[in-house]
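Structure record follows, encoded as structure tokens.
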Amino acid sequence: MEVRLILGDQLNENHTWFIEPNNKVCYVMFEMRQETDYVKHHVQKVVAFFAAMRTFAQKLEKDGHTVIYYTIDDPKNTHNLEKNIKKVTQLLSATSFAYQLPDEFRLDEQLKKLSHSLNIAIKTYDTEHFLTTRNELAEFYKGKKALVMEFFYRYMRKKHQYLMVDGQPEGGSWNYDKFNRNTWKGGVIPPPYQPDATLSQEIYNQVVETKIDTIGTFDATSFLFAVSRDQSLQQLNYFCEHLLQDFGTYQDAMHQEETNLFHARISFSLNVKLISPNEVIERAIESYRKDDAINLSQIEGFVRQILGWREYIRGLYWKEMPQYKQKNELNNYGKLPNFYWTGNTKMNCLKTSIKNSLDNAYAHHIQRLMITGNFALLLQTHPDEVDAWYLGIYGDAVEWVQLPNTRGMSQYADGGILATKPYVSSGSYVNKMSNYCTQCSYDKKRRTGENACPFNSLYWNFLDDKRAELKGNNRMGMMYNLLGKIDPEELAQIKARAYKIMENPDAF
Ligand SMILES: Cc1cc2nc3c(=O)[nH]c(=O)nc-3n(C[C@H](O)[C@H](O)[C@H](O)COP(=O)(O)OP(=O)(O)OC[C@H]3O[C@@H](n4cnc5c(N)ncnc54)[C@H](O)[C@@H]3O)c2cc1C
Ligand code: SF4
């Protein structure tokens, strides 16, 4: 008998493992405290993972496969991966143990260690999900100084022949990013796809009963995570039919009344592998070919996220781990404010983005990057604190994708491996890209005084404090020129206010 492990983010129904049932193979799946407790997760994230795992196990059984599944309240469950595997392999007198390569370094290490202590044959398999191997990005950038995503993206476009005509990018340009920066001025946006949440409600009750310590809220009527392959495909179709036509244009927009705008909400389904990146890209391109309302800049903007960013982030994770997790190149040591866990702040942009996150286990990219991420960096928060928050709060958060996005893109703690400069801004960017400032008690234009927007004072203070770390960065030259033009007396006032905010951000 061979025991094959399926982790909670390895729900790839099209894996060659499942081509046909084999009575000499038993699949094992475990809901474990090891996984619910290594960081404090959003309750909807725990529910979504368990619901997707249970649906997947039922499908395997229906297809004739043998499955051993330990639910969170199963008395046989030891809640530890090694112990559960040892228990099951002994019970079945297994002669071999097989697993798909995990995407997380932590689990990769754990399984390697376990393999050495199991006295049976060990087999490892690819997850057959990504469009690149673990080391492909490292090979691609070998000998190159900077890991600029755009070059990797072009390589991926050529390799997979997506949006290519006779070896050239369709439309003549590789990237239509400059058309992806419009603000949303209001109007009708199709509501997001709403999957059936009956199973999720049942699991939520169990999560509460088993006293897993979570954050955020659960409401079945607004639970938007697709937890089966069918639901995920429906969600993808819904996006292609109703939202893709405006995706690129409003990709960077934020709005007080709109949580989802034109975003796909498919990251959870992708990350647990219910759907694959190539089927997502191909389905979207099919819509673009058929529907005149979808123009090239919308589809290119979307393909870039999946074919470019997602694969790039994964490759970077495997290239840089485990050192990446310790990086703190900007020497930040502050604490994350309590209001990240409650939304209790007068700063409207933060209040709205954090409330979205607590209510939905979701925020779109620009809220993550330019509101919560930006503020944490301006406060000079320790990247460990920022990572723990992002890893816990979002339904789609798995370390391989969360860590480079947070520590690298958002906190610049890797010193510029991922981003060419820190993503920091004053209130003027927030005001340009959203309507948050119109409903805020702070004055977006002021940088000193009691009602000055905290982003403003913190921004100039950040530049001043981080001169040593950022002085060699050419892309920051213009900002340092502007900083140099601030009257020293005013700068002293800006800094005094910034330090007051940094001492007690929860008072603002
Ligand atoms: C600080 C920070 C933390 C993040 N943490 C995560 C995370 O834990 N998990 C996660 O999946 N994404 C993360 N992202 C990337 C991005 O914000 C989410 O993928 C996106 O918001 C998911 O929502 P969506 O499906 O509606 O995406 P859409 O905006 O509709 O985009 C479509 C898809 O593109 C992919 N994508 C877009 N941008 C990225 C990116 N930067 N990295 C990887 N994939 C991308 C995702 O698969 C996404 O589903 C993070 C970004 C930041 C700035
Ligand atoms: S004024 Fe400042 S704190 Fe208020 S919403 Fe705008 S950027 Fe945020």
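If you're wondering about the labels, chains in the structure tokens are A, B, ... by order shown, residues count from 1 in each chain, ligands from 1 in order shown.
Residues lying within 9 Å of A:Tyr333, counting only C-alpha atoms and ignoring same-chain neighbours fewer than 3 positions away, are A:Asn328, A:Gln380, A:Thr381, A:His382, A:Pro383.
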Surrounding residues of A:Val207 excluding itself and chain neighbours under 5 positions, 10 Å, only C-alpha atoms, as a ChimeraX atom specification:
/A:36,43-44,46-47,50,72-73,201-202,212-214
Using C-alpha atoms, can you write the selected residues to a file as a PDB file, in the first residue's frame?
```
ATOM      1  CA  THR A  36      -4.626  26.629  12.290  1.00  0.00           C
ATOM      2  CA  VAL A  43     -11.926  32.770  10.578  1.00  0.00           C
ATOM      3  CA  GLN A  44     -13.057  32.821   6.934  1.00  0.00           C
ATOM      4  CA  VAL A  46      -9.867  28.554   8.163  1.00  0.00           C
ATOM      5  CA  VAL A  47     -13.436  27.878   7.016  1.00  0.00           C
ATOM      6  CA  PHE A  50     -11.523  23.159   5.498  1.00  0.00           C
ATOM      7  CA  ILE A  72     -10.468  19.061  13.166  1.00  0.00           C
ATOM      8  CA  ASP A  73     -12.599  17.325  15.839  1.00  0.00           C
ATOM      9  CA  GLN A 201     -21.677  27.708   7.658  1.00  0.00           C
ATOM     10  CA  GLU A 202     -21.453  24.163   9.116  1.00  0.00           C
ATOM     11  CA  ILE A 212      -9.586  27.857  17.259  1.00  0.00           C
ATOM     12  CA  ASP A 213      -8.300  31.360  17.978  1.00  0.00           C
ATOM     13  CA  THR A 214      -9.172  33.460  14.920  1.00  0.00           C
TER      14      THR A 214
END
```
Could you tell me, counting only C-alpha atoms and all ligand atoms, which protein and nucleic acid residues lie no more than 6 Å from ligand 2, written as a list of chain:residue names?
A:Met347, A:Asn348, A:Cys349, A:Gly427, A:Val430, A:Asn431, A:Tyr436, A:Cys437, A:Cys440, A:Tyr442, A:Asp443, A:Lys444, A:Cys453, A:Pro454, A:Phe455
With C-alpha atoms retained, could you export that selection as a compact mmCIF listing (two decimals), in the first residue's frame?
```txt
# COMPACT_ATOMS: atom_id res chain seq x y z
CA MET A 347 -7.88 57.64 9.51
CA ASN A 348 -10.60 56.80 7.01
CA CYS A 349 -8.43 55.05 4.42
CA GLY A 427 -1.88 61.39 1.56
CA VAL A 430 -4.43 58.12 -1.46
CA ASN A 431 -6.49 61.16 -2.42
CA TYR A 436 -11.31 58.15 1.21
CA CYS A 437 -9.98 61.61 2.05
CA CYS A 440 -11.78 61.74 6.72
CA TYR A 442 -7.78 64.69 8.75
CA ASP A 443 -6.70 67.31 6.24
CA LYS A 444 -5.03 65.59 3.29
CA CYS A 453 -3.01 63.81 7.54
CA PRO A 454 -0.71 61.38 9.43
CA PHE A 455 0.53 59.92 6.13
```
In Å to one decimal, how far is atom CA of A:Lys40 from atom CA of A:Ile203?
17.5 Å
For the contact check between chain A and ligand 1, emit one row per residue of chain A within 6 Å, containing the shortest atom pair and the distance in Å rounded to one decimal, counting only C-alpha atoms and all ligand atoms, chain then rising number order, as CSV.
```
residue,atom,partner,partner_atom_place_in_ligand_line,distance
A:His263,CA,ligand 1,30 (O),3.7
A:Ala264,CA,ligand 1,30 (O),3.6
A:Arg265,CA,ligand 1,26 (O),3.3
A:Ile266,CA,ligand 1,25 (O),3.9
A:Ser267,CA,ligand 1,49 (O),3.4
A:Gln305,CA,ligand 1,34 (O),4.2
A:Ile306,CA,ligand 1,34 (O),4.6
A:Trp309,CA,ligand 1,40 (C),5.1
A:Arg310,CA,ligand 1,43 (C),3.7
A:Ile313,CA,ligand 1,42 (N),5.9
A:His364,CA,ligand 1,21 (O),4.0
A:His365,CA,ligand 1,17 (O),3.4
A:Arg368,CA,ligand 1,53 (C),4.7
A:Leu369,CA,ligand 1,53 (C),3.9
A:Gly373,CA,ligand 1,1 (C),5.7
A:Asp396,CA,ligand 1,9 (N),4.5
A:Ala397,CA,ligand 1,8 (O),3.1
A:Val398,CA,ligand 1,8 (O),5.3
A:Val401,CA,ligand 1,9 (N),5.0
A:Gln402,CA,ligand 1,8 (O),3.5
A:Asn405,CA,ligand 1,2 (C),4.6
A:Thr406,CA,ligand 1,1 (C),3.9
A:Ser410,CA,ligand 1,1 (C),5.1
```
Which residues are near A:Glu311? Cut-off 9 Å, only C-alpha atoms, ignore same chain within fewer than 5 positions. Put them as a count of residues only.
8
When you count only C-alpha atoms, which of these residues is closest to A:Ile122: A:Asn135, A:Ser96, A:Ser425, A:Asn278?
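Ranking A:Asn135, A:Ser96, A:Ser425, A:Asn278 by distance to A:Ile122, first place goes to A:Ser96.
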Nearest to A:Leu418 among A:Ala48, A:Pro192, A:Lys471, A:Lys319, with distances taken over only C-alpha atoms: which residue is it?
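Closest candidate: A:Lys319.
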Selection near A:Gly343, 9 Å with only C-alpha atoms, sequence-local residues under 4 positions removed, as number ranges by chain
A: 338-339, 350-355, 358
What is the atom CA of A:Phe105 to atom CA of A:Leu118 distance in Å?
20.1 Å
Compare A:Lys159, A:Lys421, A:His242, A:His41 by their minimum atom-to-atom distance to A:Ile189, counting only C-alpha atoms, and give me the closest one.
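With only C-alpha atoms as the atom set, the closest residue is A:His242.
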Which residues in stretch 98-214 of chain A does DSSP call helix (DSSP H, G or I)? List them as number ranges by chain.
A: 105-117, 136-140, 149-160, 170-172, 177-179, 198-209
Selection file, C-alpha atoms, as a compact mmCIF listing (two decimals), in the first residue's frame:
```txt
# COMPACT_ATOMS: atom_id res chain seq x y z
CA PHE A 105 9.48 26.25 2.94
CA ARG A 106 8.24 25.35 6.43
CA LEU A 107 6.31 22.31 5.20
CA ASP A 108 9.04 21.36 2.76
CA GLU A 109 11.50 21.14 5.64
CA GLN A 110 9.05 19.26 7.83
CA LEU A 111 8.36 16.66 5.16
CA LYS A 112 12.04 16.21 4.33
CA LYS A 113 12.77 15.61 8.00
CA LEU A 114 9.89 13.19 8.33
CA SER A 115 10.98 11.28 5.23
CA HIS A 116 14.31 10.51 6.89
CA SER A 117 12.59 8.97 9.88
CA GLU A 136 13.24 28.49 -13.15
CA LEU A 137 13.32 32.12 -12.04
CA ALA A 138 16.69 31.65 -10.31
CA GLU A 139 18.06 30.22 -13.57
CA PHE A 140 16.52 33.05 -15.60
CA MET A 149 9.75 41.48 -13.20
CA GLU A 150 9.08 42.88 -16.66
CA PHE A 151 11.85 40.77 -18.26
CA PHE A 152 10.61 37.60 -16.64
CA TYR A 153 7.09 38.44 -17.78
CA ARG A 154 8.26 38.84 -21.38
CA TYR A 155 10.08 35.53 -21.16
CA MET A 156 6.86 33.91 -19.90
CA ARG A 157 4.78 35.50 -22.69
CA LYS A 158 7.16 34.10 -25.28
CA LYS A 159 7.46 30.72 -23.59
CA HIS A 160 3.70 30.21 -23.35
CA GLU A 170 -0.06 41.52 -29.52
CA GLY A 171 -0.79 45.22 -30.17
CA GLY A 172 2.93 46.06 -30.31
CA ASP A 177 0.25 49.47 -17.28
CA LYS A 178 -0.10 53.18 -18.04
CA PHE A 179 -3.76 52.55 -18.96
CA THR A 198 -24.06 25.96 3.23
CA LEU A 199 -21.01 23.79 3.95
CA SER A 200 -19.02 26.82 5.07
CA GLN A 201 -21.68 27.71 7.66
CA GLU A 202 -21.45 24.16 9.12
CA ILE A 203 -17.68 24.37 9.27
CA TYR A 204 -17.79 27.80 10.85
CA ASN A 205 -19.86 26.35 13.70
CA GLN A 206 -17.25 23.62 14.17
CA VAL A 207 -14.38 26.12 14.14
CA VAL A 208 -16.13 28.01 16.94
CA GLU A 209 -16.81 24.80 18.92
```
Name the closest residue to A:Leu5 among the candidates A:Tyr250, A:Tyr324, A:Trp17, A:Tyr362; distances are taken between atoms, counting only C-alpha atoms.
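For A:Leu5, the nearest of the given residues is A:Trp17.
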Expected answer as a list of chain:residue names: strand (DSSP E) residues in stretch 23-166 of chain A
A:Val25, A:Cys26, A:Tyr27, A:Val28, A:Met29, A:Phe30, A:Thr66, A:Val67, A:Ile68, A:Tyr69, A:Tyr70, A:Ser96, A:Phe97, A:Ala98, A:Tyr99, A:Gln100, A:Ala121, A:Ile122, A:Lys123, A:Thr124, A:Tyr125, A:Met164, A:Val165
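Shell of A:Tyr162 at 10 Å, with only C-alpha atoms counted and residues fewer than 6 places along the chain excluded, is Met156, Pro169, Glu170, Asn278, Ile281, Glu282, Ile285, Glu300, Val303 and Leu307 of chain A.
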Env of A:Ile494: 10 Å cut, atoms = only C-alpha atoms, seq-sep filter 3 positions within chain, self excluded. Answer as an mmCIF file with C-alpha atoms, in the first residue's frame.
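Final output, saved to part.cif:
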```
data_model
loop_
_atom_site.group_PDB
_atom_site.id
_atom_site.type_symbol
_atom_site.label_atom_id
_atom_site.label_comp_id
_atom_site.auth_asym_id
_atom_site.auth_seq_id
_atom_site.Cartn_x
_atom_site.Cartn_y
_atom_site.Cartn_z
ATOM 1 C CA ARG A 446 -1.518 69.536 5.740
ATOM 2 C CA ARG A 447 1.669 67.998 7.077
ATOM 3 C CA THR A 448 1.886 69.806 10.401
ATOM 4 C CA GLY A 449 -0.696 70.659 13.030
ATOM 5 C CA ALA A 452 -2.715 67.118 9.391
ATOM 6 C CA PRO A 454 -0.709 61.379 9.432
ATOM 7 C CA ASN A 456 2.029 63.330 5.267
ATOM 8 C CA SER A 457 4.091 63.859 8.416
ATOM 9 C CA LEU A 458 5.153 60.225 8.486
ATOM 10 C CA TYR A 459 6.153 60.249 4.809
ATOM 11 C CA TRP A 460 8.645 63.125 5.043
ATOM 12 C CA ASN A 461 9.934 61.845 8.339
ATOM 13 C CA ILE A 486 11.492 71.867 3.068
ATOM 14 C CA PRO A 488 14.334 73.172 8.406
ATOM 15 C CA GLU A 489 11.904 74.651 10.911
ATOM 16 C CA GLU A 490 8.943 73.058 9.178
ATOM 17 C CA LEU A 491 10.809 69.774 8.892
ATOM 18 C CA ARG A 497 4.324 65.183 14.704
ATOM 19 C CA ALA A 498 5.571 61.999 13.040
ATOM 20 C CA TYR A 499 7.240 60.871 16.259
ATOM 21 C CA LYS A 500 4.077 61.582 18.216
#
```
